[in-house]
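Colleague: Dropping in structure.txt, with compact mmCIF, C-alpha atoms.
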```txt
# COMPACT_ATOMS: atom_id res chain seq x y z
CA MET A 1 10.68 18.37 -2.48
CA SER A 2 13.23 15.56 -2.88
CA SER A 3 11.99 12.02 -3.06
CA SER A 4 13.03 9.70 -0.28
CA ILE A 5 15.71 7.03 -0.37
CA MET A 6 14.48 3.76 -1.86
CA LYS A 7 13.98 0.90 0.59
CA ASN A 8 12.86 -2.71 0.21
CA LEU A 9 9.82 -4.30 1.79
CA PHE A 10 11.42 -7.73 1.95
CA ALA A 11 14.60 -6.43 3.62
CA CYS A 12 15.46 -7.09 7.26
CA LEU A 13 13.01 -9.92 7.66
CA PRO A 14 13.65 -11.53 11.03
CA ALA A 15 14.93 -15.12 10.97
CA ASP A 16 13.02 -15.97 14.07
CA LEU A 17 10.03 -14.18 15.48
CA GLU A 18 9.06 -14.27 19.10
CA ASN A 19 6.54 -11.49 18.68
CA GLU A 20 4.80 -10.05 15.66
CA GLN A 21 6.96 -7.29 14.20
CA PHE A 22 5.52 -3.90 13.21
CA ASP A 23 7.57 -1.49 11.05
CA GLU A 24 6.27 1.93 10.15
CA LEU A 25 7.08 2.76 6.52
CA LEU A 26 5.29 6.08 6.26
CA ARG A 27 3.51 8.42 8.65
CA ALA A 28 1.76 11.61 7.63
CA LYS A 29 -1.23 13.54 8.85
CA ASN A 30 -4.06 11.24 7.78
CA ILE A 31 -2.15 8.13 6.82
CA ARG A 32 0.17 5.51 8.23
CA ILE A 33 1.66 2.65 6.22
CA GLU A 34 3.15 -0.28 8.09
CA ARG A 35 4.68 -3.66 7.43
CA ILE A 36 3.64 -6.45 9.76
CA VAL A 37 5.52 -9.74 9.98
CA SER A 38 3.83 -12.71 11.63
CA LYS A 39 4.70 -16.38 12.03
CA GLY A 40 1.97 -18.36 13.65
CA HIS A 41 0.95 -15.32 15.70
CA THR A 42 -2.58 -14.27 16.40
CA SER A 43 -3.63 -10.90 17.75
CA PRO A 44 -4.74 -9.09 19.72
CA GLU A 45 -3.95 -11.24 22.73
CA THR A 46 -7.44 -10.79 24.12
CA GLY A 47 -10.52 -9.06 22.77
CA TRP A 48 -10.74 -7.36 19.41
CA TYR A 49 -9.07 -4.72 17.33
CA ASP A 50 -11.45 -1.76 17.38
CA GLN A 51 -9.61 0.91 15.42
CA GLU A 52 -10.23 4.63 15.10
CA GLU A 53 -8.89 4.57 11.54
CA HIS A 54 -9.87 2.72 8.40
CA GLU A 55 -7.42 0.07 7.24
CA TRP A 56 -6.58 -1.31 3.81
CA VAL A 57 -4.60 -4.52 4.23
CA LEU A 58 -2.69 -6.64 1.72
CA VAL A 59 -0.88 -9.96 2.24
CA LEU A 60 2.41 -10.18 0.32
CA GLU A 61 3.75 -13.51 1.57
CA GLY A 62 2.30 -16.30 3.69
CA ALA A 63 -1.30 -16.35 4.84
CA GLY A 64 -3.49 -15.17 7.69
CA THR A 65 -7.11 -15.48 8.77
CA LEU A 66 -9.19 -12.58 10.06
CA LEU A 67 -12.35 -13.00 12.07
CA PHE A 68 -14.95 -10.22 12.12
CA ALA A 69 -17.11 -9.72 15.21
CA GLU A 70 -20.14 -8.31 13.44
CA ASP A 71 -21.06 -11.39 11.42
CA ASN A 72 -18.57 -14.00 12.65
CA ARG A 73 -17.11 -14.07 9.14
CA GLN A 74 -13.65 -15.59 8.69
CA VAL A 75 -11.50 -14.51 5.76
CA THR A 76 -8.17 -16.11 4.89
CA LEU A 77 -5.84 -13.84 2.94
CA ARG A 78 -3.04 -15.32 0.88
CA LYS A 79 -0.42 -13.73 -1.40
CA GLY A 80 -1.92 -10.73 -3.19
CA ASP A 81 -5.23 -10.76 -1.31
CA TYR A 82 -6.41 -7.42 0.03
CA LEU A 83 -9.35 -6.21 2.07
CA HIS A 84 -10.77 -2.98 3.45
CA ILE A 85 -11.54 -2.87 7.17
CA PRO A 86 -13.64 0.17 8.12
CA ALA A 87 -12.93 1.98 11.38
CA HIS A 88 -14.57 0.22 14.33
CA ALA A 89 -15.23 -2.99 12.40
CA ARG A 90 -14.08 -5.20 15.26
CA HIS A 91 -11.77 -7.97 14.10
CA LYS A 92 -8.88 -10.16 15.14
CA VAL A 93 -6.23 -12.32 13.51
CA VAL A 94 -7.14 -15.89 14.44
CA TRP A 95 -4.47 -17.73 12.43
CA THR A 96 -1.26 -17.10 10.53
CA GLU A 97 0.94 -19.55 8.67
CA PRO A 98 3.02 -21.32 11.37
CA GLU A 99 5.88 -22.54 9.16
CA GLU A 100 6.67 -19.43 7.14
CA LEU A 101 6.57 -15.68 7.54
CA THR A 102 3.42 -13.79 6.72
CA LEU A 103 4.05 -10.30 5.41
CA TRP A 104 1.22 -7.77 5.64
CA LEU A 105 1.10 -4.27 4.24
CA ALA A 106 -1.40 -2.13 6.15
CA VAL A 107 -2.50 1.34 5.13
CA HIS A 108 -4.31 3.08 8.00
CA TYR A 109 -6.09 6.30 7.16
CA SER A 110 -8.66 8.71 8.52
CA VAL A 111 -11.17 10.76 6.63
CA GLU A 112 -12.48 12.99 9.37
CA ASP A 113 -14.59 15.76 8.03
CA ILE A 114 -13.21 19.22 8.01
CA THR A 115 -15.70 21.49 9.68
CA ALA A 116 -16.24 24.49 7.48
CA CYS A 117 -15.52 27.88 9.03
CA GLU A 118 -18.39 30.27 8.53
CA MET B 1 -19.33 -1.15 9.13
CA SER B 2 -18.82 -4.39 7.19
CA SER B 3 -15.45 -5.12 5.72
CA SER B 4 -15.22 -5.30 1.96
CA ILE B 5 -15.02 -8.40 -0.18
CA MET B 6 -11.49 -9.76 -0.49
CA LYS B 7 -9.81 -9.27 -3.86
CA ASN B 8 -6.42 -10.20 -5.26
CA LEU B 9 -3.77 -7.84 -6.54
CA PHE B 10 -2.40 -10.37 -9.01
CA ALA B 11 -5.82 -11.16 -10.50
CA CYS B 12 -6.94 -10.02 -13.94
CA LEU B 13 -3.44 -9.26 -15.15
CA PRO B 14 -3.65 -8.53 -18.87
CA ALA B 15 -1.88 -11.01 -21.15
CA ASP B 16 -0.90 -8.30 -23.54
CA LEU B 17 -0.69 -4.61 -22.80
CA GLU B 18 -1.00 -1.95 -25.43
CA ASN B 19 -1.24 0.81 -22.86
CA GLU B 20 -0.32 0.99 -19.20
CA GLN B 21 -3.26 -0.19 -17.12
CA PHE B 22 -4.48 1.73 -14.06
CA ASP B 23 -6.91 0.10 -11.62
CA GLU B 24 -8.26 1.97 -8.64
CA LEU B 25 -8.37 -0.27 -5.55
CA LEU B 26 -9.52 2.28 -3.00
CA ARG B 27 -10.70 5.89 -3.05
CA ALA B 28 -11.55 7.96 -0.02
CA LYS B 29 -11.33 11.58 0.93
CA ASN B 30 -7.59 12.02 1.27
CA ILE B 31 -6.34 8.78 -0.22
CA ARG B 32 -6.37 6.79 -3.42
CA ILE B 33 -4.73 3.38 -3.88
CA GLU B 34 -4.11 2.12 -7.38
CA ARG B 35 -2.50 -0.78 -9.16
CA ILE B 36 -0.50 0.07 -12.25
CA VAL B 37 0.59 -2.56 -14.78
CA SER B 38 3.34 -1.71 -17.27
CA LYS B 39 5.29 -3.68 -19.85
CA GLY B 40 8.01 -1.65 -21.47
CA HIS B 41 5.91 1.50 -21.10
CA THR B 42 7.25 4.86 -20.10
CA SER B 43 5.14 7.79 -18.98
CA PRO B 44 4.00 10.46 -19.21
CA GLU B 45 4.20 10.65 -23.01
CA THR B 46 5.74 14.11 -22.86
CA GLY B 47 6.83 16.30 -20.00
CA TRP B 48 6.71 15.31 -16.33
CA TYR B 49 4.32 14.08 -13.71
CA ASP B 50 3.74 17.08 -11.43
CA GLN B 51 1.21 15.81 -8.92
CA GLU B 52 -0.94 17.66 -6.41
CA GLU B 53 -0.77 14.71 -4.04
CA HIS B 54 2.05 12.87 -2.34
CA GLU B 55 2.68 9.34 -3.58
CA TRP B 56 4.09 6.25 -1.90
CA VAL B 57 4.96 3.70 -4.56
CA LEU B 58 5.96 0.03 -4.31
CA VAL B 59 7.02 -2.38 -7.07
CA LEU B 60 5.59 -5.89 -6.60
CA GLU B 61 6.76 -7.57 -9.79
CA GLY B 62 9.09 -6.55 -12.61
CA ALA B 63 11.14 -3.36 -12.55
CA GLY B 64 10.91 0.27 -13.52
CA THR B 65 13.14 3.34 -13.53
CA LEU B 66 12.04 6.77 -12.34
CA LEU B 67 13.82 9.99 -13.29
CA PHE B 68 13.51 13.05 -11.05
CA ALA B 69 13.66 16.50 -12.61
CA GLU B 70 15.11 18.29 -9.60
CA ASP B 71 18.46 16.52 -9.48
CA ASN B 72 18.37 14.31 -12.57
CA ARG B 73 18.45 11.29 -10.27
CA GLN B 74 17.45 7.92 -11.71
CA VAL B 75 16.12 5.21 -9.41
CA THR B 76 15.37 1.66 -10.53
CA LEU B 77 12.79 -0.12 -8.39
CA ARG B 78 12.61 -3.89 -8.37
CA LYS B 79 10.45 -6.34 -6.45
CA GLY B 80 9.75 -4.99 -2.97
CA ASP B 81 11.38 -1.59 -3.52
CA TYR B 82 9.38 1.42 -2.38
CA LEU B 83 9.84 5.16 -2.49
CA HIS B 84 8.07 8.32 -1.37
CA ILE B 85 7.44 10.98 -4.00
CA PRO B 86 6.37 14.31 -2.49
CA ALA B 87 3.71 16.39 -4.24
CA HIS B 88 5.20 18.46 -7.07
CA ALA B 89 8.43 16.47 -7.17
CA ARG B 90 8.48 16.31 -10.97
CA HIS B 91 9.27 12.84 -12.23
CA LYS B 92 8.69 10.40 -15.07
CA VAL B 93 8.99 6.68 -15.72
CA VAL B 94 11.87 6.32 -18.20
CA TRP B 95 12.03 2.53 -18.36
CA THR B 96 10.04 -0.55 -17.43
CA GLU B 97 10.89 -4.20 -17.96
CA PRO B 98 10.07 -4.94 -21.63
CA GLU B 99 9.72 -8.73 -21.37
CA GLU B 100 7.55 -9.09 -18.28
CA LEU B 101 4.83 -7.20 -16.47
CA THR B 102 5.74 -4.60 -13.90
CA LEU B 103 3.20 -4.28 -11.12
CA TRP B 104 3.16 -1.07 -9.09
CA LEU B 105 1.12 -0.26 -6.02
CA ALA B 106 0.68 3.49 -5.63
CA VAL B 107 -0.81 5.20 -2.59
CA HIS B 108 -1.69 8.82 -3.35
CA TYR B 109 -2.60 11.02 -0.40
CA SER B 110 -3.01 14.62 0.57
CA VAL B 111 -2.28 16.25 3.89
CA GLU B 112 -3.71 19.70 3.34
CA ASP B 113 -3.74 21.70 6.50
CA ILE B 114 -7.00 22.26 8.23
CA THR B 115 -7.32 25.93 9.06
CA ALA B 116 -8.29 26.23 12.69
CA CYS B 117 -11.54 28.04 13.38
CA GLU B 118 -11.15 30.69 16.05
```
Hey, can you dump this file as structure tokens for me?

Modeller:
Amino acid sequence: MSSSIMKNLFACLPADLENEQFDELLRAKNIRIERIVSKGHTSPETGWYDQEEHEWVLVLEGAGTLLFAEDNRQVTLRKGDYLHIPAHARHKVVWTEPEELTLWLAVHYSVEDITACE
Amino acid sequence: MSSSIMKNLFACLPADLENEQFDELLRAKNIRIERIVSKGHTSPETGWYDQEEHEWVLVLEGAGTLLFAEDNRQVTLRKGDYLHIPAHARHKVVWTEPEELTLWLAVHYSVEDITACE
């Protein structure tokens, strides 16, 4: 029942980033919260993200641009901007700030229906 | 399948705050994300928060102190600090920054077990 130890989202930021860095902050049955640190990275390398789970994403520092396959829409998120990406909404990161770190907070969750037992 | 419209977490911050302000950013089956804005407020008015859901909480601006009933532990969260509060871990906010806004991001979620059908 005890609460967890406090941690800081801006701690342990890498000085230099060869690859995007993914840190899991919380994992439970239907939810996963992660911090993503980018610096000029785009992803995925090829193709699109096509995720089983819904994602709520917030940019805390820096900036990044998402491209959505469905309507070719580009959205640039800067500090404080957030967006909901439904499961299977194919998207990719086409740009992130090259000169400074971009810090994303992503909440992945599933809402699969519970089949009632009769 | 479309992604939602982008919004900003720092938008529409009240200039003056008589009461704490709660804004729901996302609600789905097992998850609720809210922004809370405080300025010198403490809560609840009397007693303790004793929540049915787990809560992951992050401070984005300002500072606030939580008190936990179980062990009388006080934890002050400042910018970037986050903490997990399990369901039914009784707690209250005993202090928030009186001179500036404190911005909290709270992710409430439930992980109730699905009873297997046999």

Colleague: Counting only C-alpha atoms, which residues of chain A come no farther than 7 Å from chain B, as a PyMOL selection string?

Modeller: chain A and resi 1-10+29-30+80-86+89+111+114+117

Colleague: Rounded to one decimal in Å, what is the spacing between CA of Leu66 (chain B) and CA of Ile36 (chain A)?

Modeller: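 For CA of Leu66 (chain B) relative to CA of Ile36 (chain A), the distance reads 27.1 Å.
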
Colleague: Take CA of Gln74 (chain A) and CA of Glu18 (chain A) and report the distance between them in Å, one decimal.

Modeller: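 Straight-line distance from CA of Gln74 (chain A) to CA of Glu18 (chain A) works out to 25.0 Å.
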
Colleague: What does the distance from CA of Trp48 (chain B) to CA of Gly64 (chain B) come to in Å, to one decimal?

Modeller: 15.9 Å

Colleague: So, counting only C-alpha atoms, which residue among B:Gly47, B:Glu52, B:Phe22, B:Asp16 is closest to Arg35 (chain B)?

Modeller: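 Of all the options, B:Phe22 lies closest to Arg35 (chain B).
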
Colleague: Could you tell me which of A:Asn72, A:Gln21, A:His54, A:Lys92 comes closest to Thr42 (chain A) if we count all atoms listed in the file?

Modeller: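 Distance minimum relative to Thr42 (chain A) lands on A:Lys92.
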
Colleague: As JSON, please: the centre and edge lengths in Å, to one decimal, of an axis-aligned box enclosing every listed atom of region 23-30 of chain A with 5 Å added on each side.

Modeller:
```
{"center_x": 1.8, "center_y": 6.0, "center_z": 8.7, "size_x": 21.6, "size_y": 25.0, "size_z": 14.8}
```

Colleague: For region 14-25 of chain A, which lacks atoms in the input, supply all heavy atoms and format the output as a PDB file, in the frame of the given file.

Modeller:
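Output file part-v6.pdb follows:
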```pdb
ATOM      1  N   PRO A  14      13.044 -10.804   9.913  1.00  0.00           N
ATOM      2  CA  PRO A  14      13.650 -11.530  11.030  1.00  0.00           C
ATOM      3  C   PRO A  14      13.703 -13.023  10.743  1.00  0.00           C
ATOM      4  O   PRO A  14      12.795 -13.584  10.139  1.00  0.00           O
ATOM      5  CB  PRO A  14      12.712 -11.227  12.192  1.00  0.00           C
ATOM      6  CG  PRO A  14      11.410 -10.851  11.564  1.00  0.00           C
ATOM      7  CD  PRO A  14      11.727 -10.242  10.245  1.00  0.00           C
ATOM      8  N   ALA A  15      14.781 -13.668  11.165  1.00  0.00           N
ATOM      9  CA  ALA A  15      14.930 -15.120  10.970  1.00  0.00           C
ATOM     10  C   ALA A  15      13.979 -15.852  11.909  1.00  0.00           C
ATOM     11  O   ALA A  15      13.331 -16.808  11.544  1.00  0.00           O
ATOM     12  CB  ALA A  15      16.362 -15.535  11.229  1.00  0.00           C
ATOM     13  N   ASP A  16      13.924 -15.355  13.115  1.00  0.00           N
ATOM     14  CA  ASP A  16      13.020 -15.970  14.070  1.00  0.00           C
ATOM     15  C   ASP A  16      12.193 -14.867  14.718  1.00  0.00           C
ATOM     16  O   ASP A  16      12.668 -13.759  14.935  1.00  0.00           O
ATOM     17  CB  ASP A  16      13.798 -16.747  15.128  1.00  0.00           C
ATOM     18  CG  ASP A  16      12.932 -17.839  15.740  1.00  0.00           C
ATOM     19  OD1 ASP A  16      11.940 -18.247  15.090  1.00  0.00           O
ATOM     20  OD2 ASP A  16      13.225 -18.266  16.854  1.00  0.00           O
ATOM     21  N   LEU A  17      10.977 -15.199  15.037  1.00  0.00           N
ATOM     22  CA  LEU A  17      10.030 -14.180  15.480  1.00  0.00           C
ATOM     23  C   LEU A  17       9.360 -14.608  16.772  1.00  0.00           C
ATOM     24  O   LEU A  17       8.488 -15.464  16.768  1.00  0.00           O
ATOM     25  CB  LEU A  17       8.942 -14.006  14.431  1.00  0.00           C
ATOM     26  CG  LEU A  17       8.990 -12.892  13.415  1.00  0.00           C
ATOM     27  CD1 LEU A  17       7.720 -12.921  12.594  1.00  0.00           C
ATOM     28  CD2 LEU A  17       9.183 -11.535  14.045  1.00  0.00           C
ATOM     29  N   GLU A  18       9.763 -13.964  17.856  1.00  0.00           N
ATOM     30  CA  GLU A  18       9.060 -14.270  19.100  1.00  0.00           C
ATOM     31  C   GLU A  18       7.717 -13.555  19.132  1.00  0.00           C
ATOM     32  O   GLU A  18       6.685 -14.129  19.461  1.00  0.00           O
ATOM     33  CB  GLU A  18       9.920 -13.887  20.305  1.00  0.00           C
ATOM     34  CG  GLU A  18       9.368 -14.446  21.607  1.00  0.00           C
ATOM     35  CD  GLU A  18      10.272 -14.129  22.786  1.00  0.00           C
ATOM     36  OE1 GLU A  18      11.459 -13.814  22.544  1.00  0.00           O
ATOM     37  OE2 GLU A  18       9.800 -14.192  23.917  1.00  0.00           O
ATOM     38  N   ASN A  19       7.768 -12.278  18.744  1.00  0.00           N
ATOM     39  CA  ASN A  19       6.540 -11.490  18.680  1.00  0.00           C
ATOM     40  C   ASN A  19       6.301 -11.023  17.246  1.00  0.00           C
ATOM     41  O   ASN A  19       7.233 -10.973  16.449  1.00  0.00           O
ATOM     42  CB  ASN A  19       6.654 -10.249  19.576  1.00  0.00           C
ATOM     43  CG  ASN A  19       6.817 -10.629  21.035  1.00  0.00           C
ATOM     44  OD1 ASN A  19       6.004 -11.357  21.588  1.00  0.00           O
ATOM     45  ND2 ASN A  19       7.899 -10.161  21.640  1.00  0.00           N
ATOM     46  N   GLU A  20       5.072 -10.690  16.948  1.00  0.00           N
ATOM     47  CA  GLU A  20       4.800 -10.050  15.660  1.00  0.00           C
ATOM     48  C   GLU A  20       5.649  -8.784  15.567  1.00  0.00           C
ATOM     49  O   GLU A  20       5.870  -8.093  16.568  1.00  0.00           O
ATOM     50  CB  GLU A  20       3.327  -9.637  15.584  1.00  0.00           C
ATOM     51  CG  GLU A  20       2.448 -10.678  14.966  1.00  0.00           C
ATOM     52  CD  GLU A  20       1.038 -10.154  14.704  1.00  0.00           C
ATOM     53  OE1 GLU A  20       0.474  -9.553  15.624  1.00  0.00           O
ATOM     54  OE2 GLU A  20       0.514 -10.371  13.598  1.00  0.00           O
ATOM     55  N   GLN A  21       6.112  -8.472  14.369  1.00  0.00           N
ATOM     56  CA  GLN A  21       6.960  -7.290  14.200  1.00  0.00           C
ATOM     57  C   GLN A  21       6.230  -6.225  13.373  1.00  0.00           C
ATOM     58  O   GLN A  21       5.718  -6.524  12.294  1.00  0.00           O
ATOM     59  CB  GLN A  21       8.264  -7.694  13.527  1.00  0.00           C
ATOM     60  CG  GLN A  21       9.244  -6.549  13.372  1.00  0.00           C
ATOM     61  CD  GLN A  21      10.587  -7.011  12.834  1.00  0.00           C
ATOM     62  OE1 GLN A  21      11.163  -7.982  13.331  1.00  0.00           O
ATOM     63  NE2 GLN A  21      11.074  -6.343  11.815  1.00  0.00           N
ATOM     64  N   PHE A  22       6.192  -5.010  13.876  1.00  0.00           N
ATOM     65  CA  PHE A  22       5.520  -3.900  13.210  1.00  0.00           C
ATOM     66  C   PHE A  22       6.564  -2.852  12.814  1.00  0.00           C
ATOM     67  O   PHE A  22       7.287  -2.343  13.670  1.00  0.00           O
ATOM     68  CB  PHE A  22       4.490  -3.238  14.136  1.00  0.00           C
ATOM     69  CG  PHE A  22       3.353  -4.147  14.526  1.00  0.00           C
ATOM     70  CD1 PHE A  22       3.506  -5.088  15.537  1.00  0.00           C
ATOM     71  CD2 PHE A  22       2.128  -4.073  13.881  1.00  0.00           C
ATOM     72  CE1 PHE A  22       2.461  -5.937  15.902  1.00  0.00           C
ATOM     73  CE2 PHE A  22       1.075  -4.915  14.243  1.00  0.00           C
ATOM     74  CZ  PHE A  22       1.248  -5.856  15.251  1.00  0.00           C
ATOM     75  N   ASP A  23       6.644  -2.534  11.521  1.00  0.00           N
ATOM     76  CA  ASP A  23       7.570  -1.490  11.050  1.00  0.00           C
ATOM     77  C   ASP A  23       6.777  -0.413  10.340  1.00  0.00           C
ATOM     78  O   ASP A  23       6.054  -0.703   9.381  1.00  0.00           O
ATOM     79  CB  ASP A  23       8.604  -2.086  10.086  1.00  0.00           C
ATOM     80  CG  ASP A  23       9.465  -3.147  10.746  1.00  0.00           C
ATOM     81  OD1 ASP A  23      10.193  -2.808  11.687  1.00  0.00           O
ATOM     82  OD2 ASP A  23       9.388  -4.322  10.320  1.00  0.00           O
ATOM     83  N   GLU A  24       6.966   0.809  10.792  1.00  0.00           N
ATOM     84  CA  GLU A  24       6.270   1.930  10.150  1.00  0.00           C
ATOM     85  C   GLU A  24       7.048   2.382   8.916  1.00  0.00           C
ATOM     86  O   GLU A  24       8.227   2.710   9.010  1.00  0.00           O
ATOM     87  CB  GLU A  24       6.160   3.067  11.158  1.00  0.00           C
ATOM     88  CG  GLU A  24       5.163   4.096  10.761  1.00  0.00           C
ATOM     89  CD  GLU A  24       4.887   5.054  11.905  1.00  0.00           C
ATOM     90  OE1 GLU A  24       4.037   4.736  12.770  1.00  0.00           O
ATOM     91  OE2 GLU A  24       5.555   6.096  11.948  1.00  0.00           O
ATOM     92  N   LEU A  25       6.403   2.386   7.768  1.00  0.00           N
ATOM     93  CA  LEU A  25       7.080   2.760   6.520  1.00  0.00           C
ATOM     94  C   LEU A  25       6.812   4.204   6.156  1.00  0.00           C
ATOM     95  O   LEU A  25       7.619   4.840   5.482  1.00  0.00           O
ATOM     96  CB  LEU A  25       6.621   1.847   5.371  1.00  0.00           C
ATOM     97  CG  LEU A  25       6.657   0.334   5.632  1.00  0.00           C
ATOM     98  CD1 LEU A  25       6.228  -0.424   4.389  1.00  0.00           C
ATOM     99  CD2 LEU A  25       8.044  -0.124   6.073  1.00  0.00           C
TER     100      LEU A  25
END
```
